[in-house]
Amino acid sequence: MTTVRLTVNGVQREIDVAPGTLLVHAIREQVGLTGTHVGCLTGDCGACTVVVDGATTKSCSVLAHSADGATVETVESLADGEELHPVQRAFWDEFGFQCGFCLPGMLLTAKELIESTPDPDDADIHRAINGNLCRCTGYNTIVAAVRRAAKEAS
Amino acid sequence: MSAPARSGIGASPRKRDGAELLTGRARFLDDHRPEGLLHAAVVRSEIAHGRIRSVDTTAASAAPGVVLVLTGEQAARHAGPVPYFIDPAARGGNRTDIRCLQVDKVVYAGQPVAAVVAHTREQAQAAARLVRVDHEVLPHVLDAHDALAPDAPRLYDDWPGNVVMHNRYGTGDPDARLAEADVVVSGEVRIARSTTAPIEPRGYLASWQGDTLTMHASCQNPHQLRWMLATALGVDEGHIRVVTAKIGGSFGLKMQGYPEETLVALLSKLAGAPVKWVEDRRETLLAGAREQTHRFRVGALADGRITGLVNEIVADIGALTAQAGWAMPNMSATTQPSGYRIPDCRIELDIVVTNKPPNSAARGFGKDAAHLVMERAMDLVARELGLDPADVRRRNFVPAGEFPYRTSTGLNIDSGDFHGLLDKTLDTVDYPGVRRRQAELREHGRYLGVGLGFELTPESSDSPGTFVSGFDTTTVRMSVTGMVTVLTGVTSPGGGNDTGIAQIVADELGIPLAWVELVQGDTDRCPNGFGNFSGRSMVVGGGSATLAARDVRAKLVAVGRLLLGAGEVEVRAGMVCGDGRELPVPEVARALLTRAFAIGDIEPVLESTRAYKPGNINHVPDEFGRIQPYPTYSSSLHAAVVDVDAETGKVTLLDYVMAHDCGTMINPALVEGQARGAVAMGLGSALSEQLRFDADGRLLSDRFKSYLVPRAGDLPLLRMVHQVTPSPFTMHGNKGAGEAGVGGAQAAVANAVEDALAPFGVTVRSLPLTPPAVLALIDEVRP
């Protein structure tokens, strides 16, 4: 066991992890934030997406160790108390999810896209969320949600 | 957050569990971590067929963190066979005992043979790799046609072959019709093994307090699971509580009937601690959804009217399972001839086992394959006769005035307007415009194609002698504060039927939607029910909720009459109104439940439990042996426009239109969500998804890098248009809306690719149409 220091959603945390522990498991089990999900552990589905030092990252493909000292934001950081983030509201308004399992990745990826590309077209949106699988929606409503979120942010 | 102004039937309020899902507060199965939790890993057979000589657990037992290792032989001392969701014996088929861990024989690579419980998941998985299984390897068979050979290896020693059942469906004299037809067209269509692959894998968490078991499960059918655990473990049902957590997608995969259900409950009992098991992606991808071959012949008159159909289906279900999945090919047979008026049909079906993992129930439930074959037949007839594919369909549809219509295979289609769907689809996709563009592009060596796919979706099944029940039960309870709790036997794996049911209850009671809470998936709280499958949740969950809500409303009205001294009383917008005066519903509720003796002679109960059985179900076989297990039939017409790159074989979806008719829509946005998801699943299985095995029966496509489900950039905007022909047999005229899309999408894509490549003269015979498969089609006909 070694100690890893993380700032998770603005809170400094020290956690003890075994050498092979994945960041996703550290976040879910040691930090106790279960909004980040495990869907494949091969970096393909994106349900484990978090923001590490400002960039979306598939936390199943990162060792907790190598994130020592990092700033991590998870889906739990988006809402301000009961006040939803505009991206969350847009997903709700556009029915951009059904079961919600892929949401952490979709929301954080959408937020990152809108911050870098304020007026994304469909190709931009597809490129951004192509790393995130959704099996419920067929993506149309997700694309609409990202478009709406961008519009409302501008 | 402002709620939409309307929230009753026909409005689209947002999903009611949205806030918890969006903020990460929702608790899925793997998010439950009780004190003292232990973790399980399953040791799976590495060979496709063999006898177990011995299982050596020595090294695994001594591994760090290991609490116990269980073999099949040990498990059999504590647990009986897993009961079937649909017992093949109930349908005259062959059965075998399904165990939570195999005792003496394995029949597929991936079959559970032992299990490990340890303090951490990693310790359990590491120890599982140390369990040594000594086998006598037996010859295996991976292809259903090979499995039909008399000398094929046999999976189950006491069966006469590898056929679970052979059935023949249909009426009339199709051979005579074919003999007298102007043309006879024959074809073949194969659909490869694909799977549902929800993003959340399956999982279970069992804990015992004394002799009482609590089972959290990512499962669609909590009550069936309770009964199954009680039966397999020999525990009184009253001592088992099943709670289905939030479910991260399901699509049939999480219907009950898996070995791991009994296994996890047993491991927890033996370990004396809570035990959790969540499968990994490789394990999820073991389960198949479909794999069939159809060889068919149709006779047609010169004007395109089809007079007879003969089809031979060989369905490969992998090994037999206690889950409902093995029975899907029955629906592939009986859903033919779909919505077409073909009275003379003969469908022969062989359901065959092979040494691959079982097929699990999957959205479409086999009905999808019926459309792939019927829609291919329509296009082949059009091609043979030089007619437009749309016209051939138009000439064969059952007309809107002829419902209810009994098909040759026995289904009694309740209602529909298939010509209307065709017109809407052709208009929306601009069929003449697409044909013009196609002709122009062909001049430039580019291959645009348009394909149609009609889909008839029997929904809300009631299958005699099984746990596929066509009714369900709901309690509506108003508290002293006027708030309403709805407890229902149907479950919601993500589609949003909880929102739809709440809408119906709010509408019936005349109260705001925000006053209604829903409880699903808890056998200690909800009335007995059957969960989610077969597009049933709004039909029977919504229907039973309506009846119960009407009882509660009648009580509010009766109390209101006494309190207001009025003759005519109604409830609307949360007020009980009469004679120009009104009382808030909460006040009326409080009056009844706290001042019952002062109010008058009225029973102080604001609660009702009701079951709802739709009409149009008949289990008494007719003179041809046909039964009618589906009350209601959704219908849809799909048009896919594709570009096929003849150099690379890549198929690009340019446009997609679905005209959809599920009767009355309770929540149109949720209906569209279901349809979009089903179409995406159909498109995946038509173009890229395929579970592949090596020659030894080991799964090769065991991750999302090799099992290719559609990504956002792969799918076009699905343009939906609605048509509403209400069902005369359901409470609100609604029909199922969970499955339509899979078969229509497969068919439309198959036809579109063939249409695009018409200049080459290719004939599509199998799905998926991956780039190599498309290139092979072109090579096949290239001189």
# chains A, B, ... in the order shown; residues from 1 in each chain; ligands from 1
>>> closest_atom_pairs(of="chain B", to="chain A", cutoff="7 Å", atoms="only C-alpha atoms", output="CSV")
residue,atom,partner,partner_atom,distance
B:Arg14,CA,A:Trp92,CA,6.6
B:Gly18,CA,A:Trp92,CA,6.4
B:Leu21,CA,A:Gly100,CA,5.5
B:Leu22,CA,A:Gln88,CA,6.1
B:Thr23,CA,A:Glu76,CA,5.5
B:Gly24,CA,A:Gly35,CA,3.8
B:Arg25,CA,A:Gly35,CA,6.2
B:Asp31,CA,A:Thr34,CA,5.8
B:Pro198,CA,A:Arg135,CA,6.0
B:Ile199,CA,A:Gly39,CA,5.4
B:Glu200,CA,A:Gly39,CA,5.5
B:Pro201,CA,A:Gly39,CA,6.8
B:Ile247,CA,A:Cys99,CA,6.6
B:Gly248,CA,A:Cys99,CA,5.0
B:Gly249,CA,A:Cys99,CA,5.5
B:Asp280,CA,A:Cys40,CA,6.8
B:Arg281,CA,A:Cys40,CA,5.1
B:Pro493,CA,A:Cys99,CA,6.5
B:Gly494,CA,A:Cys99,CA,3.7
B:Gly495,CA,A:Gln98,CA,5.5
B:Gly496,CA,A:Gln98,CA,7.0
B:Gly673,CA,A:Thr137,CA,5.8
B:Arg676,CA,A:Gly138,CA,5.3
B:Gly677,CA,A:Thr137,CA,4.6
B:Ala680,CA,A:Gly138,CA,5.0
B:Phe704,CA,A:Asp44,CA,5.9
B:Lys705,CA,A:Asp44,CA,6.8
B:Arg711,CA,A:Asn130,CA,5.5
B:Ala712,CA,A:Asn130,CA,5.5
B:Gly713,CA,A:His126,CA,5.0
B:Leu717,CA,A:Asn140,CA,6.0
>>> write_last_selection(atoms="N, CA, C and O atoms", output="CSV table (one decimal), in the first residue's frame")
chain,number,residue,atom,x,y,z
B,14,ARG,N,-40.1,15.3,-18.3
B,14,ARG,CA,-38.8,14.7,-18.3
B,14,ARG,C,-38.8,13.5,-17.3
B,14,ARG,O,-39.6,13.3,-16.4
B,18,GLY,N,-34.3,11.8,-13.2
B,18,GLY,CA,-33.2,12.5,-13.9
B,18,GLY,C,-32.2,13.1,-13.0
B,18,GLY,O,-31.0,13.0,-13.2
B,21,LEU,N,-29.7,10.6,-11.5
B,21,LEU,CA,-28.8,10.1,-12.5
B,21,LEU,C,-27.8,11.1,-13.0
B,21,LEU,O,-26.6,10.8,-13.2
B,22,LEU,N,-28.3,12.3,-13.2
B,22,LEU,CA,-27.4,13.3,-13.7
B,22,LEU,C,-26.3,13.8,-12.8
B,22,LEU,O,-25.2,14.2,-13.2
B,23,THR,N,-26.6,13.7,-11.5
B,23,THR,CA,-25.6,14.1,-10.5
B,23,THR,C,-24.7,13.0,-9.9
B,23,THR,O,-23.8,13.3,-9.1
B,24,GLY,N,-24.9,11.8,-10.4
B,24,GLY,CA,-24.1,10.7,-9.9
B,24,GLY,C,-24.6,10.1,-8.6
B,24,GLY,O,-23.9,9.3,-8.0
B,25,ARG,N,-25.7,10.6,-8.1
B,25,ARG,CA,-26.2,10.0,-6.8
B,25,ARG,C,-26.9,8.7,-7.0
B,25,ARG,O,-27.1,8.0,-6.0
B,31,ASP,N,-22.5,0.0,-6.8
B,31,ASP,CA,-22.3,1.1,-5.8
B,31,ASP,C,-22.7,0.7,-4.4
B,31,ASP,O,-22.5,1.5,-3.5
B,198,PRO,N,-25.5,-4.1,-22.6
B,198,PRO,CA,-25.7,-2.9,-21.9
B,198,PRO,C,-24.4,-2.4,-21.3
B,198,PRO,O,-23.5,-3.2,-21.0
B,199,ILE,N,-24.3,-1.1,-21.1
B,199,ILE,CA,-23.0,-0.6,-20.6
B,199,ILE,C,-22.8,-1.0,-19.1
B,199,ILE,O,-21.6,-1.2,-18.7
B,200,GLU,N,-23.8,-1.2,-18.3
B,200,GLU,CA,-23.6,-1.7,-17.0
B,200,GLU,C,-23.7,-3.3,-17.1
B,200,GLU,O,-24.7,-3.8,-17.6
B,201,PRO,N,-22.7,-4.0,-16.7
B,201,PRO,CA,-22.7,-5.4,-16.7
B,201,PRO,C,-23.7,-5.9,-15.7
B,201,PRO,O,-24.2,-5.2,-14.8
B,247,ILE,N,-30.8,0.1,-12.7
B,247,ILE,CA,-30.3,-0.8,-13.7
B,247,ILE,C,-29.7,0.0,-14.9
B,247,ILE,O,-30.4,0.9,-15.4
B,248,GLY,N,-28.5,-0.3,-15.2
B,248,GLY,CA,-27.8,0.5,-16.2
B,248,GLY,C,-27.9,-0.1,-17.6
B,248,GLY,O,-27.0,-0.5,-18.3
B,249,GLY,N,-29.2,-0.2,-18.1
B,249,GLY,CA,-29.5,-0.8,-19.4
B,249,GLY,C,-29.6,-2.3,-19.2
B,249,GLY,O,-29.0,-2.9,-18.3
B,280,ASP,N,-17.4,-9.0,-15.6
B,280,ASP,CA,-16.6,-8.1,-16.4
B,280,ASP,C,-17.1,-8.1,-17.8
B,280,ASP,O,-18.0,-8.9,-18.2
B,281,ARG,N,-16.6,-7.2,-18.6
B,281,ARG,CA,-17.1,-7.1,-20.0
B,281,ARG,C,-17.0,-8.4,-20.8
B,281,ARG,O,-17.9,-8.7,-21.6
B,493,PRO,N,-35.7,-0.7,-16.3
B,493,PRO,CA,-34.3,-0.8,-16.5
B,493,PRO,C,-33.6,0.4,-17.1
B,493,PRO,O,-32.5,0.4,-17.5
B,494,GLY,N,-34.4,1.5,-17.3
B,494,GLY,CA,-33.8,2.7,-17.8
B,494,GLY,C,-34.7,3.4,-18.8
B,494,GLY,O,-34.5,4.6,-19.1
B,495,GLY,N,-35.6,2.8,-19.3
B,495,GLY,CA,-36.5,3.3,-20.4
B,495,GLY,C,-37.4,4.4,-19.9
B,495,GLY,O,-37.8,5.3,-20.7
B,496,GLY,N,-37.8,4.4,-18.7
B,496,GLY,CA,-38.6,5.5,-18.1
B,496,GLY,C,-40.0,5.2,-17.9
B,496,GLY,O,-40.9,6.1,-17.8
B,673,GLY,N,-37.5,7.6,-27.5
B,673,GLY,CA,-36.2,7.1,-26.9
B,673,GLY,C,-36.0,5.6,-27.1
B,673,GLY,O,-35.0,5.1,-27.5
B,676,ARG,N,-35.4,4.9,-30.8
B,676,ARG,CA,-34.1,5.2,-31.3
B,676,ARG,C,-33.1,4.2,-30.8
B,676,ARG,O,-32.1,3.8,-31.5
B,677,GLY,N,-33.2,3.8,-29.6
B,677,GLY,CA,-32.3,2.8,-29.0
B,677,GLY,C,-32.4,1.5,-29.8
B,677,GLY,O,-31.4,0.8,-30.1
B,680,ALA,N,-30.9,1.7,-33.2
B,680,ALA,CA,-29.4,1.7,-33.1
B,680,ALA,C,-28.9,0.3,-32.9
B,680,ALA,O,-27.9,-0.1,-33.5
B,704,PHE,N,-14.9,-4.2,-26.3
B,704,PHE,CA,-15.5,-3.3,-27.3
B,704,PHE,C,-14.5,-2.9,-28.3
B,704,PHE,O,-14.9,-2.1,-29.2
B,705,LYS,N,-13.3,-3.4,-28.3
B,705,LYS,CA,-12.4,-3.1,-29.4
B,705,LYS,C,-12.6,-4.1,-30.5
B,705,LYS,O,-12.3,-3.8,-31.7
B,711,ARG,N,-21.0,3.8,-32.5
B,711,ARG,CA,-20.6,5.1,-31.8
B,711,ARG,C,-21.4,6.2,-32.4
B,711,ARG,O,-22.0,6.1,-33.5
B,712,ALA,N,-21.3,7.4,-31.8
B,712,ALA,CA,-22.2,8.5,-32.2
B,712,ALA,C,-22.0,8.8,-33.7
B,712,ALA,O,-23.0,9.1,-34.4
B,713,GLY,N,-20.8,8.8,-34.1
B,713,GLY,CA,-20.5,9.2,-35.5
B,713,GLY,C,-20.9,8.2,-36.5
B,713,GLY,O,-20.9,8.5,-37.7
B,717,LEU,N,-29.1,10.9,-38.1
B,717,LEU,CA,-30.2,11.3,-37.4
B,717,LEU,C,-31.4,10.5,-37.8
B,717,LEU,O,-31.7,10.3,-38.9
>>> residues_around(residues="Arg95 of chain B", least_positions_apart="6", cutoff="8 Å", atoms="only C-alpha atoms", output="list in words")
Asp87, Pro88, Ala89, Val164 and Leu320 of chain B
>>> write_last_selection(atoms="N, CA and C atoms", output="compact mmCIF listing (two decimals), in the first residue's frame")
# COMPACT_ATOMS: atom_id res chain seq x y z
N ASP B 87 -39.81 -23.31 -19.29
CA ASP B 87 -39.30 -24.68 -19.30
C ASP B 87 -39.57 -25.31 -20.67
N PRO B 88 -38.52 -25.80 -21.35
CA PRO B 88 -38.75 -26.43 -22.66
C PRO B 88 -39.77 -27.56 -22.57
N ALA B 89 -39.82 -28.23 -21.42
CA ALA B 89 -40.76 -29.34 -21.27
C ALA B 89 -42.20 -28.85 -21.39
N VAL B 164 -33.50 -28.86 -29.35
CA VAL B 164 -34.36 -28.62 -28.18
C VAL B 164 -35.79 -28.93 -28.57
N LEU B 320 -28.09 -24.71 -23.73
CA LEU B 320 -29.40 -24.40 -23.17
C LEU B 320 -29.24 -23.57 -21.89
>>> atom_distance(atom1="atom CA of Glu73 of chain A", atom2="atom CA of Leu113 of chain A")
15.5 Å
>>> select_by_dssp(residues="segment 6-139 of chain A", states="alpha helix (DSSP H)", output="NGL selection string")
:A and (23-25 or 86-93 or 103-116 or 122-129)
>>> write_last_selection(atoms="N, CA, C and O atoms", output="short mmCIF file (atom, residue, chain, number, x, y, z; two decimals), in the first residue's frame")
data_model
loop_
_atom_site.label_atom_id
_atom_site.label_comp_id
_atom_site.auth_asym_id
_atom_site.auth_seq_id
_atom_site.Cartn_x
_atom_site.Cartn_y
_atom_site.Cartn_z
N LEU A 23 -7.33 4.04 -11.16
CA LEU A 23 -7.88 5.29 -10.64
C LEU A 23 -9.40 5.19 -10.44
O LEU A 23 -9.94 5.70 -9.46
N VAL A 24 -10.08 4.51 -11.39
CA VAL A 24 -11.54 4.41 -11.26
C VAL A 24 -11.92 3.71 -9.96
O VAL A 24 -12.88 4.10 -9.28
N HIS A 25 -11.18 2.67 -9.61
CA HIS A 25 -11.51 1.95 -8.37
C HIS A 25 -11.16 2.79 -7.14
O HIS A 25 -11.87 2.75 -6.14
N PRO A 86 -25.57 23.69 -16.50
CA PRO A 86 -26.30 23.80 -17.77
C PRO A 86 -26.20 22.55 -18.64
O PRO A 86 -27.16 22.20 -19.34
N VAL A 87 -25.07 21.88 -18.62
CA VAL A 87 -24.94 20.65 -19.42
C VAL A 87 -25.89 19.58 -18.88
O VAL A 87 -26.56 18.87 -19.64
N GLN A 88 -25.99 19.48 -17.58
CA GLN A 88 -26.92 18.50 -17.00
C GLN A 88 -28.36 18.84 -17.36
O GLN A 88 -29.15 17.96 -17.73
N ARG A 89 -28.69 20.12 -17.26
CA ARG A 89 -30.06 20.54 -17.60
C ARG A 89 -30.38 20.23 -19.06
O ARG A 89 -31.46 19.75 -19.39
N ALA A 90 -29.40 20.49 -19.92
CA ALA A 90 -29.63 20.24 -21.35
C ALA A 90 -29.86 18.75 -21.62
O ALA A 90 -30.73 18.37 -22.41
N PHE A 91 -29.09 17.90 -20.95
CA PHE A 91 -29.30 16.45 -21.11
C PHE A 91 -30.68 16.03 -20.61
O PHE A 91 -31.34 15.16 -21.19
N TRP A 92 -31.12 16.68 -19.53
CA TRP A 92 -32.45 16.33 -19.00
C TRP A 92 -33.54 16.80 -19.95
O TRP A 92 -34.48 16.09 -20.29
N ASP A 93 -33.40 18.06 -20.42
CA ASP A 93 -34.42 18.63 -21.31
C ASP A 93 -34.53 17.86 -22.63
O ASP A 93 -35.61 17.71 -23.19
N LEU A 103 -23.75 8.41 -18.36
CA LEU A 103 -23.82 9.86 -18.16
C LEU A 103 -22.55 10.52 -17.65
O LEU A 103 -22.20 11.61 -18.13
N PRO A 104 -21.84 9.95 -16.66
CA PRO A 104 -20.66 10.67 -16.19
C PRO A 104 -19.71 11.03 -17.33
O PRO A 104 -19.22 12.17 -17.41
N GLY A 105 -19.50 10.07 -18.23
CA GLY A 105 -18.60 10.33 -19.35
C GLY A 105 -19.19 11.31 -20.34
O GLY A 105 -18.50 12.22 -20.84
N MET A 106 -20.46 11.14 -20.66
CA MET A 106 -21.10 12.03 -21.63
C MET A 106 -21.09 13.48 -21.13
O MET A 106 -20.79 14.41 -21.89
N LEU A 107 -21.44 13.67 -19.87
CA LEU A 107 -21.55 15.02 -19.33
C LEU A 107 -20.20 15.71 -19.28
O LEU A 107 -20.06 16.88 -19.70
N LEU A 108 -19.20 15.02 -18.77
CA LEU A 108 -17.88 15.65 -18.63
C LEU A 108 -17.25 15.90 -20.00
O LEU A 108 -16.58 16.92 -20.21
N THR A 109 -17.48 14.99 -20.94
CA THR A 109 -16.95 15.17 -22.29
C THR A 109 -17.65 16.34 -22.98
O THR A 109 -17.01 17.16 -23.66
N ALA A 110 -18.97 16.42 -22.80
CA ALA A 110 -19.72 17.53 -23.40
C ALA A 110 -19.25 18.87 -22.84
O ALA A 110 -19.07 19.85 -23.57
N LYS A 111 -19.05 18.91 -21.54
CA LYS A 111 -18.61 20.15 -20.89
C LYS A 111 -17.25 20.58 -21.44
O LYS A 111 -17.03 21.75 -21.78
N GLU A 112 -16.35 19.63 -21.57
CA GLU A 112 -15.01 19.93 -22.10
C GLU A 112 -15.10 20.45 -23.54
O GLU A 112 -14.43 21.43 -23.90
N LEU A 113 -15.95 19.83 -24.34
CA LEU A 113 -16.10 20.26 -25.73
C LEU A 113 -16.59 21.71 -25.79
O LEU A 113 -16.03 22.53 -26.54
N ILE A 114 -17.62 21.99 -25.01
CA ILE A 114 -18.23 23.32 -25.08
C ILE A 114 -17.25 24.39 -24.59
O ILE A 114 -17.23 25.51 -25.12
N GLU A 115 -16.42 24.03 -23.63
CA GLU A 115 -15.44 25.00 -23.13
C GLU A 115 -14.39 25.32 -24.19
O GLU A 115 -13.90 26.45 -24.27
N SER A 116 -14.05 24.32 -25.03
CA SER A 116 -13.02 24.58 -26.04
C SER A 116 -13.63 25.00 -27.38
O SER A 116 -13.00 25.70 -28.16
N ASP A 122 -22.25 19.21 -35.67
CA ASP A 122 -22.46 17.80 -35.37
C ASP A 122 -21.17 16.99 -35.46
O ASP A 122 -20.94 16.06 -34.67
N ALA A 123 -20.32 17.35 -36.42
CA ALA A 123 -19.06 16.60 -36.56
C ALA A 123 -18.18 16.79 -35.33
O ALA A 123 -17.55 15.84 -34.84
N ASP A 124 -18.15 18.04 -34.79
CA ASP A 124 -17.38 18.28 -33.57
C ASP A 124 -17.94 17.43 -32.41
O ASP A 124 -17.19 16.85 -31.63
N ILE A 125 -19.27 17.40 -32.33
CA ILE A 125 -19.89 16.67 -31.23
C ILE A 125 -19.61 15.17 -31.36
O ILE A 125 -19.25 14.50 -30.40
N HIS A 126 -19.76 14.67 -32.59
CA HIS A 126 -19.48 13.24 -32.80
C HIS A 126 -18.05 12.91 -32.41
O HIS A 126 -17.79 11.92 -31.73
N ARG A 127 -17.12 13.77 -32.84
CA ARG A 127 -15.71 13.49 -32.55
C ARG A 127 -15.49 13.46 -31.04
O ARG A 127 -14.79 12.62 -30.52
N ALA A 128 -16.14 14.39 -30.35
CA ALA A 128 -15.93 14.48 -28.90
C ALA A 128 -16.48 13.26 -28.17
O ALA A 128 -15.84 12.71 -27.29
N ILE A 129 -17.68 12.84 -28.56
CA ILE A 129 -18.31 11.76 -27.76
C ILE A 129 -18.14 10.39 -28.40
O ILE A 129 -18.70 9.41 -27.90
#
>>> atom_distance(atom1="atom CA of His294 of chain B", atom2="atom CA of Asp391 of chain B")
24.1 Å
>>> select_by_dssp(residues="segment 190-401 of chain B", states="strand (DSSP E)", output="PyMOL selection string")
chain B and resi 190-194+203-209+212-217+240-244+275-278+290-300+306-316+345-352
>>> atom_distance(atom1="atom CA of Pro716 of chain B", atom2="atom CA of Thr499 of chain B")
27.7 Å
>>> residues_around(residues="Ala150 of chain A", least_positions_apart="2", cutoff="6 Å", atoms="only C-alpha atoms", output="ChimeraX atom specification")
/A:114,118,147-148,152-153
>>> residues_around(residues="Thr481 of chain B", least_positions_apart="2", cutoff="8 Å", atoms="only C-alpha atoms", output="list in words")
Met478, Ser479, Met483, Pro586, Glu587, Ala589 and Arg590 of chain B
>>> residues_around(residues="Glu647 of chain B", least_positions_apart="3", cutoff="10 Å", atoms="only C-alpha atoms", output="PyMOL selection string")
chain B and resi 644+650+771+774-775+778
>>> write_last_selection(atoms="N, CA and C atoms", output="short mmCIF file (atom, residue, chain, number, x, y, z; two decimals), in the first residue's frame")
data_model
loop_
_atom_site.label_atom_id
_atom_site.label_comp_id
_atom_site.auth_asym_id
_atom_site.auth_seq_id
_atom_site.Cartn_x
_atom_site.Cartn_y
_atom_site.Cartn_z
N VAL B 644 -22.64 2.97 -50.38
CA VAL B 644 -21.72 1.85 -50.28
C VAL B 644 -20.47 2.15 -51.11
N LYS B 650 -17.23 -0.21 -47.32
CA LYS B 650 -17.81 0.49 -46.18
C LYS B 650 -19.21 1.00 -46.51
N PRO B 771 -17.40 -4.31 -43.84
CA PRO B 771 -16.70 -4.05 -45.11
C PRO B 771 -16.19 -5.32 -45.80
N VAL B 774 -19.14 -7.03 -47.45
CA VAL B 774 -19.64 -6.32 -48.65
C VAL B 774 -18.71 -6.56 -49.83
N LEU B 775 -17.41 -6.51 -49.58
CA LEU B 775 -16.46 -6.78 -50.67
C LEU B 775 -16.62 -8.20 -51.20
N ILE B 778 -19.47 -8.37 -53.60
CA ILE B 778 -19.14 -7.84 -54.93
C ILE B 778 -18.25 -8.82 -55.69
#
>>> residues_around(residues="Arg177 of chain B", least_positions_apart="4", cutoff="10 Å", atoms="only C-alpha atoms", output="list in words")
Gly172, Asp173, Ala181, Asp182, Val184, Val298, Gly299, Ala300, Leu301, Ile306, Thr307, Gly308, Leu309, Asp344 and Cys345 of chain B
>>> write_last_selection(atoms="C-alpha atoms", output="PDB file, in the first residue's frame")
ATOM      1  CA  GLY B 172     -53.190 -23.686 -45.743  1.00  0.00           C
ATOM      2  CA  ASP B 173     -51.388 -25.395 -48.595  1.00  0.00           C
ATOM      3  CA  ALA B 181     -47.664 -19.147 -58.676  1.00  0.00           C
ATOM      4  CA  ASP B 182     -46.439 -17.005 -61.566  1.00  0.00           C
ATOM      5  CA  VAL B 184     -41.307 -18.667 -57.139  1.00  0.00           C
ATOM      6  CA  VAL B 298     -42.325 -17.614 -51.752  1.00  0.00           C
ATOM      7  CA  GLY B 299     -44.790 -17.884 -54.625  1.00  0.00           C
ATOM      8  CA  ALA B 300     -46.138 -14.696 -56.149  1.00  0.00           C
ATOM      9  CA  LEU B 301     -48.540 -13.587 -58.848  1.00  0.00           C
ATOM     10  CA  ILE B 306     -47.488 -13.268 -52.517  1.00  0.00           C
ATOM     11  CA  THR B 307     -49.620 -16.396 -52.271  1.00  0.00           C
ATOM     12  CA  GLY B 308     -47.500 -18.839 -50.305  1.00  0.00           C
ATOM     13  CA  LEU B 309     -44.502 -18.957 -47.985  1.00  0.00           C
ATOM     14  CA  ASP B 344     -50.780 -20.263 -46.864  1.00  0.00           C
ATOM     15  CA  CYS B 345     -47.582 -20.633 -44.867  1.00  0.00           C
TER      16      CYS B 345
END
>>> residues_around(residues="segment 99-112 of chain B", least_positions_apart="6", cutoff="6 Å", atoms="only C-alpha atoms", output="MDAnalysis selection string")
chainID B and resid 43:52 72:73 81:82 259 263 355:357 698
